[in-house]
Structure formats: structure tokens, C-alpha cells
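Structure file structure-v7.pdb with PDB, C-alpha atoms, pLDDT in the B column:
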ATOM      1  CA  TRP K 941      19.459 191.577  13.265  1.00 46.00           C
ATOM      2  CA  LEU K 942      18.487 194.858  11.585  1.00 46.00           C
ATOM      3  CA  ARG K 943      14.828 193.849  11.462  1.00 48.00           C
ATOM      4  CA  HIS K 944      14.945 192.958  15.121  1.00 50.00           C
ATOM      5  CA  ARG K 945      16.254 196.438  15.955  1.00 50.00           C
ATOM      6  CA  GLY K 946      13.733 198.139  13.689  1.00 48.00           C
ATOM      7  CA  TRP K 947      16.355 199.585  11.354  1.00 47.00           C
ATOM      8  CA  ALA K 948      15.272 197.684   8.263  1.00 47.00           C
ATOM      9  CA  SER K 949      11.806 199.221   8.086  1.00 48.00           C
ATOM     10  CA  HIS K 950      13.169 202.700   8.850  1.00 46.00           C
ATOM     11  CA  CYS K 951      15.813 202.436   6.095  1.00 46.00           C
ATOM     12  CA  THR K 952      13.278 201.036   3.638  1.00 47.00           C
ATOM     13  CA  LEU K 953      10.904 203.932   4.268  1.00 46.00           C
ATOM     14  CA  ASN K 954      13.655 206.536   3.851  1.00 47.00           C
ATOM     15  CA  VAL K 955      14.913 204.983   0.634  1.00 45.00           C
ATOM     16  CA  ALA K 956      11.360 204.685  -0.733  1.00 46.00           C
ATOM     17  CA  ALA K 957      10.632 208.323   0.129  1.00 47.00           C
ATOM     18  CA  ALA K 958      13.849 209.504  -1.535  1.00 47.00           C
ATOM     19  CA  VAL K 959      13.146 207.462  -4.660  1.00 47.00           C
ATOM     20  CA  SER K 960       9.562 208.672  -4.924  1.00 49.00           C
ATOM     21  CA  ARG K 961      10.598 212.294  -4.353  1.00 49.00           C
ATOM     22  CA  THR K 962      13.298 212.199  -7.045  1.00 51.00           C
ATOM     23  CA  SER K 963      11.036 210.342  -9.447  1.00 52.00           C
ATOM     24  CA  VAL K 964       8.252 212.891  -8.894  1.00 50.00           C
ATOM     25  CA  GLU K 965      10.663 215.771  -9.529  1.00 53.00           C
ATOM     26  CA  ALA K 966      12.016 214.038 -12.628  1.00 51.00           C
ATOM     27  CA  ASP K 967       8.502 213.332 -13.925  1.00 52.00           C
ATOM     28  CA  ALA K 968       7.505 216.960 -13.406  1.00 53.00           C
ATOM     29  CA  LEU K 969      10.633 218.178 -15.190  1.00 49.00           C
ATOM     30  CA  CYS K 970      10.169 215.781 -18.111  1.00 51.00           C
ATOM     31  CA  ALA K 971       6.451 216.560 -18.415  1.00 53.00           C
ATOM     32  CA  SER K 972       7.054 220.287 -18.741  1.00 55.00           C
ATOM     33  CA  PRO K 973       7.693 221.698 -22.228  1.00 56.00           C
ATOM     34  CA  GLY K 974      11.446 221.805 -22.897  1.00 58.00           C
ATOM     35  CA  GLY K 975      12.124 219.602 -19.863  1.00 58.00           C
ATOM     36  CA  ALA K 976      15.008 217.742 -21.475  1.00 60.00           C
ATOM     37  CA  ARG K 977      16.671 221.030 -22.426  1.00 62.00           C
ATOM     38  CA  LYS K 978      16.258 222.368 -18.872  1.00 61.00           C
ATOM     39  CA  ARG K 979      17.677 219.173 -17.444  1.00 61.00           C
ATOM     40  CA  ARG K 980      20.677 219.385 -19.791  1.00 62.00           C
ATOM     41  CA  GLN K 981      21.268 223.046 -18.897  1.00 61.00           C
ATOM     42  CA  GLN K 982      21.117 222.280 -15.197  1.00 61.00           C
ATOM     43  CA  ARG K 983      23.581 219.442 -15.613  1.00 59.00           C
ATOM     44  CA  ASN K 984      26.014 221.582 -17.672  1.00 56.00           C
ATOM     45  CA  SER K 985      25.742 224.592 -15.380  1.00 55.00           C
ATOM     46  CA  MET K 986      26.388 222.450 -12.308  1.00 52.00           C
ATOM     47  CA  ALA K 987      29.284 220.499 -13.837  1.00 52.00           C
ATOM     48  CA  SER K 988      31.237 223.508 -15.033  1.00 62.00           C
ATOM     49  CA  PRO K 989      31.664 225.383 -11.696  1.00 67.00           C
ATOM     50  CA  ASP K 990      32.289 222.110  -9.899  1.00 82.00           C
ATOM     51  CA  LEU K 991      34.957 221.171 -12.423  1.00 83.00           C
ATOM     52  CA  VAL K 992      36.621 224.585 -12.204  1.00 84.00           C
ATOM     53  CA  GLN K 993      36.485 224.487  -8.426  1.00 85.00           C
ATOM     54  CA  GLN K 994      38.002 220.999  -8.352  1.00 85.00           C
ATOM     55  CA  LEU K 995      40.794 222.071 -10.705  1.00 83.00           C
ATOM     56  CA  VAL K 996      41.575 225.093  -8.513  1.00 82.00           C
ATOM     57  CA  GLU K 997      41.579 222.939  -5.374  1.00 84.00           C
ATOM     58  CA  VAL K 998      43.852 220.331  -6.971  1.00 81.00           C
ATOM     59  CA  SER K 999      46.268 222.927  -8.360  1.00 80.00           C
ATOM     60  CA  LEU K1000      46.539 224.616  -4.947  1.00 81.00           C
ATOM     61  CA  SER K1001      47.112 221.390  -3.029  1.00 83.00           C
ATOM     62  CA  PRO K1002      50.638 220.857  -1.662  1.00 83.00           C
ATOM     63  CA  PRO K1003      52.422 218.865  -4.368  1.00 84.00           C
ATOM     64  CA  TRP K1004      51.183 220.963  -7.265  1.00 84.00           C
ATOM     65  CA  VAL K1005      51.484 224.378  -5.612  1.00 86.00           C
ATOM     66  CA  PHE K1006      55.226 223.780  -5.147  1.00 89.00           C
ATOM     67  CA  VAL K1007      55.604 222.819  -8.805  1.00 89.00           C
ATOM     68  CA  ILE K1008      53.705 225.912  -9.956  1.00 89.00           C
ATOM     69  CA  VAL K1009      55.574 228.316  -7.669  1.00 91.00           C
ATOM     70  CA  GLY K1010      58.917 226.743  -8.575  1.00 92.00           C
ATOM     71  CA  SER K1011      58.183 226.998 -12.296  1.00 94.00           C
ATOM     72  CA  LEU K1012      57.145 230.633 -12.002  1.00 95.00           C
ATOM     73  CA  GLY K1013      60.242 231.432  -9.939  1.00 95.00           C
ATOM     74  CA  PHE K1014      62.490 229.690 -12.460  1.00 95.00           C
ATOM     75  CA  CYS K1015      60.913 231.615 -15.340  1.00 95.00           C
ATOM     76  CA  CYS K1016      61.347 234.949 -13.530  1.00 95.00           C
ATOM     77  CA  MET K1017      64.968 234.206 -12.615  1.00 92.00           C
ATOM     78  CA  SER K1018      65.858 233.043 -16.118  1.00 92.00           C
ATOM     79  CA  SER K1019      64.322 236.164 -17.672  1.00 93.00           C
ATOM     80  CA  LEU K1020      66.263 238.386 -15.252  1.00 91.00           C
ATOM     81  CA  ALA K1021      69.468 236.458 -15.949  1.00 88.00           C
ATOM     82  CA  THR K1022      68.939 236.903 -19.683  1.00 90.00           C
ATOM     83  CA  MET K1023      68.281 240.638 -19.351  1.00 91.00           C
ATOM     84  CA  PHE K1024      71.336 241.280 -17.131  1.00 90.00           C
ATOM     85  CA  ARG K1025      73.737 238.719 -18.613  1.00 89.00           C
ATOM     86  CA  GLU K1026      76.814 240.968 -18.784  1.00 90.00           C
ATOM     87  CA  GLU K1027      76.422 242.340 -15.257  1.00 89.00           C
ATOM     88  CA  LEU K1028      75.858 238.917 -13.702  1.00 86.00           C
ATOM     89  CA  GLN K1029      78.754 237.082 -15.368  1.00 90.00           C
ATOM     90  CA  PRO K1030      81.329 237.783 -12.582  1.00 90.00           C
ATOM     91  CA  VAL K1031      78.766 236.781  -9.964  1.00 90.00           C
ATOM     92  CA  ASN K1032      78.034 233.555 -11.849  1.00 88.00           C
ATOM     93  CA  HIS K1033      81.730 232.627 -11.937  1.00 92.00           C
ATOM     94  CA  ALA K1034      82.111 233.349  -8.221  1.00 94.00           C
ATOM     95  CA  LEU K1035      79.012 231.285  -7.454  1.00 93.00           C
ATOM     96  CA  LEU K1036      80.327 228.373  -9.525  1.00 94.00           C
ATOM     97  CA  ASP K1037      83.672 228.566  -7.687  1.00 97.00           C
ATOM     98  CA  VAL K1038      81.914 228.397  -4.321  1.00 97.00           C
ATOM     99  CA  LEU K1039      79.760 225.439  -5.465  1.00 97.00           C
ATOM    100  CA  ALA K1040      82.859 223.628  -6.775  1.00 97.00           C
ATOM    101  CA  ALA K1041      84.673 224.094  -3.450  1.00 98.00           C
ATOM    102  CA  ALA K1042      81.630 222.859  -1.521  1.00 98.00           C
ATOM    103  CA  GLY K1043      81.330 219.842  -3.838  1.00 97.00           C
ATOM    104  CA  ARG K1044      85.007 218.960  -3.397  1.00 98.00           C
ATOM    105  CA  GLY K1045      84.615 219.265   0.378  1.00 97.00           C
ATOM    106  CA  MET K1046      81.592 216.966   0.440  1.00 98.00           C
ATOM    107  CA  LEU K1047      83.375 214.451  -1.781  1.00 98.00           C
ATOM    108  CA  ALA K1048      86.434 214.450   0.506  1.00 98.00           C
ATOM    109  CA  CYS K1049      84.230 213.977   3.578  1.00 98.00           C
ATOM    110  CA  SER K1050      82.337 211.094   2.018  1.00 97.00           C
ATOM    111  CA  ARG K1051      85.534 209.366   0.904  1.00 98.00           C
ATOM    112  CA  GLY K1052      87.057 209.809   4.374  1.00 97.00           C
ATOM    113  CA  SER K1053      83.911 208.409   5.989  1.00 97.00           C
ATOM    114  CA  VAL K1054      84.000 205.356   3.734  1.00 97.00           C
ATOM    115  CA  TRP K1055      87.701 204.820   4.508  1.00 97.00           C
ATOM    116  CA  CYS K1056      86.995 204.988   8.269  1.00 97.00           C
ATOM    117  CA  LEU K1057      84.054 202.639   7.901  1.00 96.00           C
ATOM    118  CA  HIS K1058      86.196 200.078   6.071  1.00 96.00           C
ATOM    119  CA  ARG K1059      88.895 200.255   8.764  1.00 96.00           C
ATOM    120  CA  LEU K1060      86.277 199.927  11.498  1.00 95.00           C
ATOM    121  CA  VAL K1061      84.373 196.986  10.016  1.00 96.00           C
ATOM    122  CA  TYR K1062      87.372 194.850   8.937  1.00 95.00           C
ATOM    123  CA  PRO K1063      88.450 193.706  12.445  1.00 94.00           C
ATOM    124  CA  ILE K1064      84.849 192.969  13.368  1.00 96.00           C
ATOM    125  CA  LYS K1065      84.415 190.894  10.208  1.00 95.00           C
ATOM    126  CA  GLU K1066      87.662 188.975  10.831  1.00 94.00           C
ATOM    127  CA  ARG K1067      86.669 188.269  14.447  1.00 95.00           C
ATOM    128  CA  ALA K1068      83.244 186.960  13.358  1.00 96.00           C
ATOM    129  CA  ILE K1069      84.778 184.704  10.703  1.00 94.00           C
ATOM    130  CA  GLY K1070      87.370 183.450  13.253  1.00 92.00           C
ATOM    131  CA  ARG K1071      84.611 182.623  15.770  1.00 95.00           C
ATOM    132  CA  TYR K1072      82.659 180.779  13.047  1.00 94.00           C
ATOM    133  CA  ASP K1073      85.756 178.776  12.070  1.00 91.00           C
ATOM    134  CA  ALA K1074      86.480 177.944  15.742  1.00 90.00           C
ATOM    135  CA  CYS K1075      82.904 176.759  16.311  1.00 93.00           C
ATOM    136  CA  ASP K1076      82.953 174.790  13.053  1.00 91.00           C
ATOM    137  CA  SER K1077      86.268 173.064  13.924  1.00 88.00           C
ATOM    138  CA  TRP K1078      84.950 172.238  17.411  1.00 90.00           C
ATOM    139  CA  MET K1079      81.768 170.672  16.017  1.00 92.00           C
ATOM    140  CA  PHE K1080      83.554 168.945  13.124  1.00 90.00           C
ATOM    141  CA  PRO K1081      87.162 168.235  14.173  1.00 86.00           C
ATOM    142  CA  TYR K1082      88.139 166.780  10.804  1.00 84.00           C
ATOM    143  CA  LYS K1083      87.715 170.267   9.275  1.00 82.00           C
ATOM    144  CA  ALA K1084      90.358 171.809  11.551  1.00 79.00           C
ATOM    145  CA  LYS K1085      93.399 173.068   9.681  1.00 74.00           C
ATOM    146  CA  GLN K1086      96.294 171.514  11.595  1.00 74.00           C
ATOM    147  CA  PRO K1087      99.633 170.281  10.369  1.00 71.00           C
ATOM    148  CA  GLY K1088     100.193 166.561  10.408  1.00 72.00           C
ATOM    149  CA  HIS K1089     102.173 164.805  13.169  1.00 75.00           C
ATOM    150  CA  ASN K1090     105.977 164.831  12.975  1.00 77.00           C
ATOM    151  CA  ILE K1091     106.000 167.668  10.423  1.00 77.00           C
ATOM    152  CA  PRO K1092     108.236 170.615  11.250  1.00 76.00           C
ATOM    153  CA  THR K1093     106.551 174.000  11.563  1.00 75.00           C
ATOM    154  CA  PHE K1094     108.079 177.431  11.293  1.00 72.00           C
ATOM    155  CA  GLN K1095     107.524 180.122  13.899  1.00 71.00           C
ATOM    156  CA  PHE K1096     109.171 183.424  14.749  1.00 60.00           C
TER
END
Give the structure from this file in C-alpha cells form.
Amino acid sequence: WLRHRGWASHCTLNVAAAVSRTSVEADALCASPGGARKRRQQRNSMASPDLVQQLVEVSLSPPWVFVIVGSLGFCCMSSLATMFREELQPVNHALLDVLAAAGRGMLACSRGSVWCLHRLVYPIKERAIGRYDACDSWMFPYKAKQPGHNIPTFQF
């Protein structure tokens, strides 16, 4: 299909030209005195800025920038807290009291929500089980739980 469209010969010519060009440049570099050293220097000089640039780009990408900024902020705050320990002690106790009250409030809300959920789901569950039992006793009458004939039953 590619040959029919003429792409195969075009691609072959481009690849051959690229190979011959790079091989000519490599031959010229190797033939010159100190060519291997020049090639090594070019490779090292090109790898180093690329590596540094890649490291900077990776460290400034979203997941890592948050880690770096958070770590720096934590270090600054901990150094300030260490320097002003005596002055910040009343504030720390007040902050812990507020956090404790908020935690107790969230715990009470979650426990109340779970209690309401249990009370809401129980009748639905009982109704579903009752419907299943009714359908099962209709399909298989011998499974129905009924007292025998001529046996007294008790009712209010």
C-alpha cells in the first residue's frame, strides 16, 4: 500500500540521506585529531545542562512543588515556634482546645449520622426480607411457616 502511494521510496530516501549525513559527520569527527575527545566533550556538555534542566522541570511540576513548599513552610514555622516558645504557649493551648472541640463535634455528628442511617435502613431491610420470604413460600408452599391443623394459637 505504501509503495503504491509512493511513500516507501520517499521514506527510504529520507532515511538514507539522514544516515549518510550522520555517518559523514561522524567520520569527519573521528578522522580529525582528538576526535574521540571532542565527541566525549560534546556528549558531556550536552548531557549536563539537559539533566539539570530536567531536574528543575521535574522539581517544579505539581506534585513535587507542593512537597517542597510544604517542607520549607514547615521548617520556617518550626524554627519560629522554637524561637518564641514561651510567648506562643498560651496560643498553642487555645488552639488545641479549639481543635479538640471541633473533633468532638465531628465525632458526635458522625455517630448521629450512623445512628440515623441504621434506623432508616432497618425497616427497608425487614420489608425486603419479608417480600423474599413471601415469594419463597408462594413458590415452595412446603417452606411456609404455618402451625399445624387443630393446634391452638395465641393472639392478642
Using CA of Ser1077 in chain K and CA of Ile1064 in chain K as the two end points, give the distance in Å to one decimal.
20.0 Å
One decimal place gives the CA of Asp990 in chain K-CA of Phe1006 in chain K separation as 23.5 Å
If you measure from CA of Asp1037 in chain K to CA of Phe1014 in chain K, what distance in Å do you get, rounded to one decimal?
21.7 Å
